[in-house]
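Engineer: Here it is, the structure, as structure tokens.
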There are 2 protein chains.
Amino acid sequence: MQSAQAVARPIGRGAKVRAAVHAATLAELLDKGYAALTVENVAQRAGVHKTTVYRRWTDRESLLVDALAEHLATDIPVPDTGAIETDLRALARSFVQTFTSPTGRGILAAMFTGAAHLPQIAAARRHVFDDRLTRAEPVIARAIERGELPRDTDVAELLKTLAAPIYLRLLITAEPVDEATADQAVRITLAAARASALRPVYASKPTAE
Amino acid sequence: MQSAQAVARPIGRGAKVRAAVHAATLAELLDKGYAALTVENVAQRAGVHKTTVYRRWTDRESLLVDALAEHLATDIPVPDTGAIETDLRALARSFVQTFTSPTGRGILAAMFTGAAHLPQIAAARRHVFDDRLTRAEPVIARAIERGELPRDTDVAELLKTLAAPIYLRLLITAEPVDEATADQAVRITLAAARASALRPVYASKPTAE
DNA sequence: ATCTATCGCAACCCTGAGTTGCGATAGAGT
DNA sequence: ACTCTATCGCAACTCAGGGTTGCGATAGAT
């Protein structure tokens, strides 16, 4: 890694190159998919020589991971509408929006199908999920406080139940995904939560908080 | 395909080779994953020369597709226990069992992550899903007839709701999947169905509850 | 205007996909 | 047991893409 020099004095044109290559990587990913993502094509699209790419990134995979990480600055809003239904709807819709944009679909495909085997990608996936979990926690807590949900509702279980139908359509059945999908996921999740089906899974007895 | 000769007179050792290569393909897939699935390794493991593989299959992908198709003779039981809960539990558990065996996990990884881009694989996925749908239809129909579920329950929606949490854990969060996961999926699905959250999705009736 | 980190370029090596021609062999039919 | 031919083994290819190296050119901060 050349970060030492980057902090030092002569930064050079490094920043431009980095940005150009990142953009080219994403673009190639969307156009041709992960399988056809070649270093030469990326370099060419970035107006940069293949060697330069290899000087900044150790290999093709690290390039991809880096490019994805750059475009993964998650800025998920934490809704607080005063009602769990509208809050969940906001969460689900923002989730859908994130992954239905062209860029989102490309990133999704890369992360979950193409480069799924890379440990860094797996870590990124977990991070994204954990991030959403952290942000959603107070939303659920408020709903419980308002008496809209059972006290022993498992936040992680609830979020997974919310995300699962959307992921299924995005990655497995490849059905169109839109706001209706998000709203449907909310209906399912709320029904399950209200029926106390979203308690901590591996605890046989409900926990007294 | 050379199945024409197989039916004709001089069958030769073709059948043995086919079987050996199929087995080797699956084995390599489980050991090293799709990315590291090389024709030479498969050939070597099958005790066969690389050329022979290329004489029977056009390329690496067709080999994989063929091997998967061979091991995808789905024999899903159609439960009829007289109650929807136990029926669904049986369905979900058989689903979990299918994909948690070593072979199942390998096939899953190949179909949904490695070779997800291949049209034949996509078709196979759809076929597997449609197959399960067809088999599950009478199960749901009986439940509706018994008055256990709302009359306008959407069978496809219900099955997707049942499968979604399991797929999520298998492919996305990579959590352990066992009977508890299946049972949890059943709880969620039943709660949603009983709350009439699993009606046909794109029927645009704005809440006629 | 200078000076040096960075980039372009060409020439490499290596692995794995896919091909070809020829000689060896298994195995079905007699 | 003996053909006889479809099939297989083998070696020697081509080709594309990943990854490396040495050297000369250039951008850009001071």
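Going through the structure tokens in order, the chains are called A, B, and so on, while each chain numbers its residues from 1 and the ligands are numbered from 1 in the order shown.
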When the cut-off is 9 Å and we count only C-alpha atoms (C1' of nucleotides), which residues of chain C are near chain A, given as a tab-separated table (two decimals) with C-alpha atoms (C1' of nucleotides), in the first residue's frame?
Structural biologist:
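out08.tsv, freshly written:
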```
chain	number	residue	atom	x	y	z
C	4	DT	C1'	10.87	13.12	-7.96
C	5	DA	C1'	7.00	10.26	-7.38
C	6	DT	C1'	4.13	8.29	-10.41
C	7	DC	C1'	2.66	6.70	-15.00
C	8	DG	C1'	3.15	4.54	-19.89
C	9	DC	C1'	5.06	1.07	-22.39
```
Engineer: Using DSSP on the backbone, list every residue of stretch 42-144 of chain A that comes out as helix (DSSP H, G or I), and give them as a ChimeraX atom specification.
Structural biologist: /A:42-45,50-56,60-70,84-100,102-114,119-144
Engineer: Using only C-alpha atoms, determine which residues of chain B fall within 9 Å of chain A; present them as an MDAnalysis selection string.
Structural biologist: chainID B and resid 33 35 109 112:117 122 125:126 129 160:161 163:169 171:173 180:181 184 187:198 201:202
Engineer: How about saving the chosen residues, C-alpha atoms kept, as a PDB file, in the first residue's frame?
Structural biologist:
```
ATOM      1  CA  GLY B  33     -15.832 -24.166  -5.076  1.00  0.00           C
ATOM      2  CA  ALA B  35     -14.225 -20.422  -8.974  1.00  0.00           C
ATOM      3  CA  ALA B 109     -23.313 -22.260  -3.878  1.00  0.00           C
ATOM      4  CA  PHE B 112     -26.815 -19.073  -6.638  1.00  0.00           C
ATOM      5  CA  THR B 113     -23.372 -17.584  -6.394  1.00  0.00           C
ATOM      6  CA  GLY B 114     -20.879 -19.148  -8.751  1.00  0.00           C
ATOM      7  CA  ALA B 115     -22.720 -19.862 -11.953  1.00  0.00           C
ATOM      8  CA  ALA B 116     -25.687 -17.612 -11.325  1.00  0.00           C
ATOM      9  CA  HIS B 117     -25.078 -15.810 -14.606  1.00  0.00           C
ATOM     10  CA  ALA B 122     -31.284 -19.574 -14.031  1.00  0.00           C
ATOM     11  CA  ARG B 125     -33.490 -22.418 -10.437  1.00  0.00           C
ATOM     12  CA  ARG B 126     -36.859 -21.443 -11.772  1.00  0.00           C
ATOM     13  CA  PHE B 129     -39.008 -23.354  -7.542  1.00  0.00           C
ATOM     14  CA  LYS B 160     -41.879 -17.520  -0.977  1.00  0.00           C
ATOM     15  CA  THR B 161     -42.497 -16.302   2.533  1.00  0.00           C
ATOM     16  CA  ALA B 163     -38.492 -20.053   1.710  1.00  0.00           C
ATOM     17  CA  ALA B 164     -37.227 -16.499   2.068  1.00  0.00           C
ATOM     18  CA  PRO B 165     -35.851 -16.668   5.630  1.00  0.00           C
ATOM     19  CA  ILE B 166     -34.140 -19.953   4.876  1.00  0.00           C
ATOM     20  CA  TYR B 167     -32.504 -18.632   1.718  1.00  0.00           C
ATOM     21  CA  LEU B 168     -31.469 -15.526   3.597  1.00  0.00           C
ATOM     22  CA  ARG B 169     -29.584 -17.532   6.166  1.00  0.00           C
ATOM     23  CA  LEU B 171     -26.915 -17.398   1.117  1.00  0.00           C
ATOM     24  CA  ILE B 172     -26.677 -14.020   2.727  1.00  0.00           C
ATOM     25  CA  THR B 173     -26.042 -14.096   6.426  1.00  0.00           C
ATOM     26  CA  ALA B 180     -35.239 -24.601  14.188  1.00  0.00           C
ATOM     27  CA  THR B 181     -34.782 -22.327  11.192  1.00  0.00           C
ATOM     28  CA  GLN B 184     -39.243 -20.386  12.639  1.00  0.00           C
ATOM     29  CA  ARG B 187     -44.222 -19.537  12.385  1.00  0.00           C
ATOM     30  CA  ILE B 188     -43.614 -16.398  10.364  1.00  0.00           C
ATOM     31  CA  THR B 189     -45.462 -17.716   7.347  1.00  0.00           C
ATOM     32  CA  LEU B 190     -48.471 -18.883   9.326  1.00  0.00           C
ATOM     33  CA  ALA B 191     -48.722 -15.608  11.199  1.00  0.00           C
ATOM     34  CA  ALA B 192     -48.596 -13.693   7.941  1.00  0.00           C
ATOM     35  CA  ALA B 193     -51.098 -15.954   6.209  1.00  0.00           C
ATOM     36  CA  ARG B 194     -53.572 -15.860   9.081  1.00  0.00           C
ATOM     37  CA  ALA B 195     -53.348 -12.080   9.127  1.00  0.00           C
ATOM     38  CA  SER B 196     -54.256 -12.126   5.432  1.00  0.00           C
ATOM     39  CA  ALA B 197     -50.885 -10.660   4.526  1.00  0.00           C
ATOM     40  CA  LEU B 198     -50.337 -13.291   1.837  1.00  0.00           C
ATOM     41  CA  VAL B 201     -49.682  -8.999  -4.159  1.00  0.00           C
ATOM     42  CA  TYR B 202     -50.397  -6.917  -7.199  1.00  0.00           C
TER      43      TYR B 202
END
```
Engineer: Can you tell me which residues surround C:DG16 at a distance of at most 12 Å, considering only C-alpha atoms (C1' of nucleotides), apart from same-chain residues fewer than 5 positions away, and format the answer as number ranges by chain?
Structural biologist: B: 35-41, 50, 60; D: 15-18
Engineer: After least-squares alignment of chain B to chain A over all Cα atoms in order, what RMSD do you get?
Structural biologist: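 Fitting chain B to chain A over paired C-alpha atoms yields 1.8 Å.
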Engineer: At most 12 Å is the cut-off: for each residue in chain D with any atom that close to an atom of chain B, write down the nearest atom pair and the distance in Å rounded to one decimal, counting only C-alpha atoms (C1' of nucleotides), chain first then increasing number, as JSON lines.
Structural biologist:
```
{"residue": "D:DC4", "atom": "C1'", "partner": "B:Pro10", "partner_atom": "CA", "distance": 11.2}
{"residue": "D:DT5", "atom": "C1'", "partner": "B:Pro10", "partner_atom": "CA", "distance": 8.8}
{"residue": "D:DA6", "atom": "C1'", "partner": "B:Pro10", "partner_atom": "CA", "distance": 6.9}
{"residue": "D:DT7", "atom": "C1'", "partner": "B:Gly12", "partner_atom": "CA", "distance": 6.9}
{"residue": "D:DC8", "atom": "C1'", "partner": "B:Thr52", "partner_atom": "CA", "distance": 6.6}
{"residue": "D:DG9", "atom": "C1'", "partner": "B:His49", "partner_atom": "CA", "distance": 6.5}
{"residue": "D:DC10", "atom": "C1'", "partner": "B:His49", "partner_atom": "CA", "distance": 8.6}
{"residue": "D:DA11", "atom": "C1'", "partner": "B:Thr51", "partner_atom": "CA", "distance": 11.3}
```
Engineer: With N, CA and C atoms (P, O5', C5', C4', C3', O3' and C1' of nucleotides) retained, export the selected residues as a compact mmCIF listing (two decimals), in the first residue's frame.
Structural biologist:
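The resulting file, out.txt, is reproduced below:
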```
# COMPACT_ATOMS: atom_id res chain seq x y z
P DC D 4 -11.92 -57.51 -38.89
O5' DC D 4 -13.23 -56.62 -38.70
C5' DC D 4 -13.96 -56.67 -37.47
C4' DC D 4 -14.37 -55.27 -37.01
C3' DC D 4 -13.68 -54.11 -37.71
O3' DC D 4 -14.56 -53.00 -37.63
C1' DC D 4 -13.11 -54.04 -35.46
P DT D 5 -14.78 -51.94 -38.78
O5' DT D 5 -15.33 -50.63 -38.04
C5' DT D 5 -16.38 -50.74 -37.10
C4' DT D 5 -16.10 -49.94 -35.85
C3' DT D 5 -15.57 -48.52 -36.09
O3' DT D 5 -16.26 -47.65 -35.21
C1' DT D 5 -14.28 -49.59 -34.49
P DA D 6 -17.02 -46.34 -35.85
O5' DA D 6 -17.75 -45.74 -34.57
C5' DA D 6 -18.45 -46.60 -33.70
C4' DA D 6 -18.00 -46.41 -32.24
C3' DA D 6 -17.86 -44.95 -31.81
O3' DA D 6 -18.42 -44.81 -30.52
C1' DA D 6 -15.81 -46.09 -31.45
P DT D 7 -18.64 -43.33 -29.92
O5' DT D 7 -17.44 -43.25 -28.87
C5' DT D 7 -17.33 -44.24 -27.87
C4' DT D 7 -15.94 -44.23 -27.27
C3' DT D 7 -15.48 -42.89 -26.71
O3' DT D 7 -15.36 -43.00 -25.31
C1' DT D 7 -13.75 -44.02 -27.89
P DC D 8 -14.88 -41.70 -24.45
O5' DC D 8 -13.34 -41.99 -24.18
C5' DC D 8 -12.96 -43.24 -23.57
C4' DC D 8 -11.45 -43.35 -23.52
C3' DC D 8 -10.76 -42.13 -22.91
O3' DC D 8 -9.89 -42.52 -21.87
C1' DC D 8 -9.82 -42.65 -25.02
P DG D 9 -9.02 -41.42 -21.09
O5' DG D 9 -7.60 -41.55 -21.83
C5' DG D 9 -6.91 -42.79 -21.82
C4' DG D 9 -5.46 -42.62 -22.23
C3' DG D 9 -4.71 -41.48 -21.53
O3' DG D 9 -3.37 -41.90 -21.30
C1' DG D 9 -4.81 -41.06 -23.87
P DC D 10 -2.36 -40.99 -20.46
O5' DC D 10 -1.53 -40.23 -21.59
C5' DC D 10 -1.15 -40.92 -22.76
C4' DC D 10 -0.53 -39.98 -23.79
C3' DC D 10 0.08 -38.69 -23.21
O3' DC D 10 1.39 -38.55 -23.68
C1' DC D 10 -1.30 -38.20 -25.05
P DA D 11 2.45 -37.65 -22.88
O5' DA D 11 2.99 -36.68 -24.04
C5' DA D 11 3.19 -37.21 -25.34
C4' DA D 11 3.08 -36.11 -26.37
C3' DA D 11 3.69 -34.77 -25.94
O3' DA D 11 4.41 -34.22 -27.03
C1' DA D 11 1.47 -34.43 -26.59
```
Engineer: Do you know which residues are at most 7 Å from A:Leu30 counting only C-alpha atoms (C1' of nucleotides), after dropping those on the same chain fewer than 4 positions away, and could you put them as number ranges by chain?
Structural biologist: A: 26, 103, 106
Engineer: Mind pulling up the distance from atom CA of A:Ala67 to atom CA of A:Val42?
Structural biologist: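 Distance between the two atoms: 11.6 Å.
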Engineer: Using only C-alpha atoms (C1' of nucleotides), which protein or nucleic acid residues come within 9 Å of B:Ala141? Drop anything in the same chain fewer than 4 positions from it, and give the result as a list of chain:residue names.
Structural biologist: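 Using only C-alpha atoms (C1' of nucleotides), the neighbours found are B:Ala136, B:Glu137, B:Glu145, B:Arg146, B:Arg151, B:Val155.
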Engineer: May I have the residues from that selection written out with C-alpha atoms, as a PDB file, in the first residue's frame?
Structural biologist:
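Saved as selection13.pdb:
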```
ATOM      1  CA  ALA B 136     -47.253 -27.408  -2.464  1.00  0.00           C
ATOM      2  CA  GLU B 137     -50.400 -26.168  -4.159  1.00  0.00           C
ATOM      3  CA  GLU B 145     -60.690 -26.000   2.511  1.00  0.00           C
ATOM      4  CA  ARG B 146     -60.314 -26.859   6.193  1.00  0.00           C
ATOM      5  CA  ARG B 151     -59.600 -18.152   1.039  1.00  0.00           C
ATOM      6  CA  VAL B 155     -49.898 -19.993  -2.798  1.00  0.00           C
TER       7      VAL B 155
END
```
Engineer: For stretch 73-85 of chain A, work out the shell of residues within 7 Å, counting only C-alpha atoms (C1' of nucleotides) and skipping chain neighbours fewer than 6 positions away, then give it as a list in words.
Structural biologist: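 Contacts, in chain order: Arg135, Ala136, Val139, Ala143 and Glu148 of chain A.
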Engineer: Just N, CA and C atoms for this one: save the residues we selected as a PDB file, in the first residue's frame.
Structural biologist:
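Generated file (result27.pdb):
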```pdb
ATOM      1  N   ARG A 135     -28.991   0.763  13.183  1.00  0.00           N
ATOM      2  CA  ARG A 135     -29.840   1.925  12.944  1.00  0.00           C
ATOM      3  C   ARG A 135     -31.305   1.616  13.209  1.00  0.00           C
ATOM      4  N   ALA A 136     -31.701   0.366  12.999  1.00  0.00           N
ATOM      5  CA  ALA A 136     -33.117   0.023  13.153  1.00  0.00           C
ATOM      6  C   ALA A 136     -33.487  -0.242  14.603  1.00  0.00           C
ATOM      7  N   VAL A 139     -35.698   2.209  16.366  1.00  0.00           N
ATOM      8  CA  VAL A 139     -37.030   2.241  15.756  1.00  0.00           C
ATOM      9  C   VAL A 139     -37.920   1.182  16.394  1.00  0.00           C
ATOM     10  N   ALA A 143     -41.213   1.347  19.080  1.00  0.00           N
ATOM     11  CA  ALA A 143     -42.483   0.667  18.802  1.00  0.00           C
ATOM     12  C   ALA A 143     -42.902  -0.194  19.988  1.00  0.00           C
ATOM     13  N   GLU A 148     -46.773  -1.216  20.417  1.00  0.00           N
ATOM     14  CA  GLU A 148     -47.181  -1.708  19.100  1.00  0.00           C
ATOM     15  C   GLU A 148     -46.655  -3.111  18.812  1.00  0.00           C
TER      16      GLU A 148
END
```
Engineer: Can you work out the spacing between atom CA of B:Asp87 and atom CA of B:Leu133 in Å, to one decimal?
Structural biologist: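 One can read the atom CA of B:Asp87 to atom CA of B:Leu133 distance as 14.0 Å.
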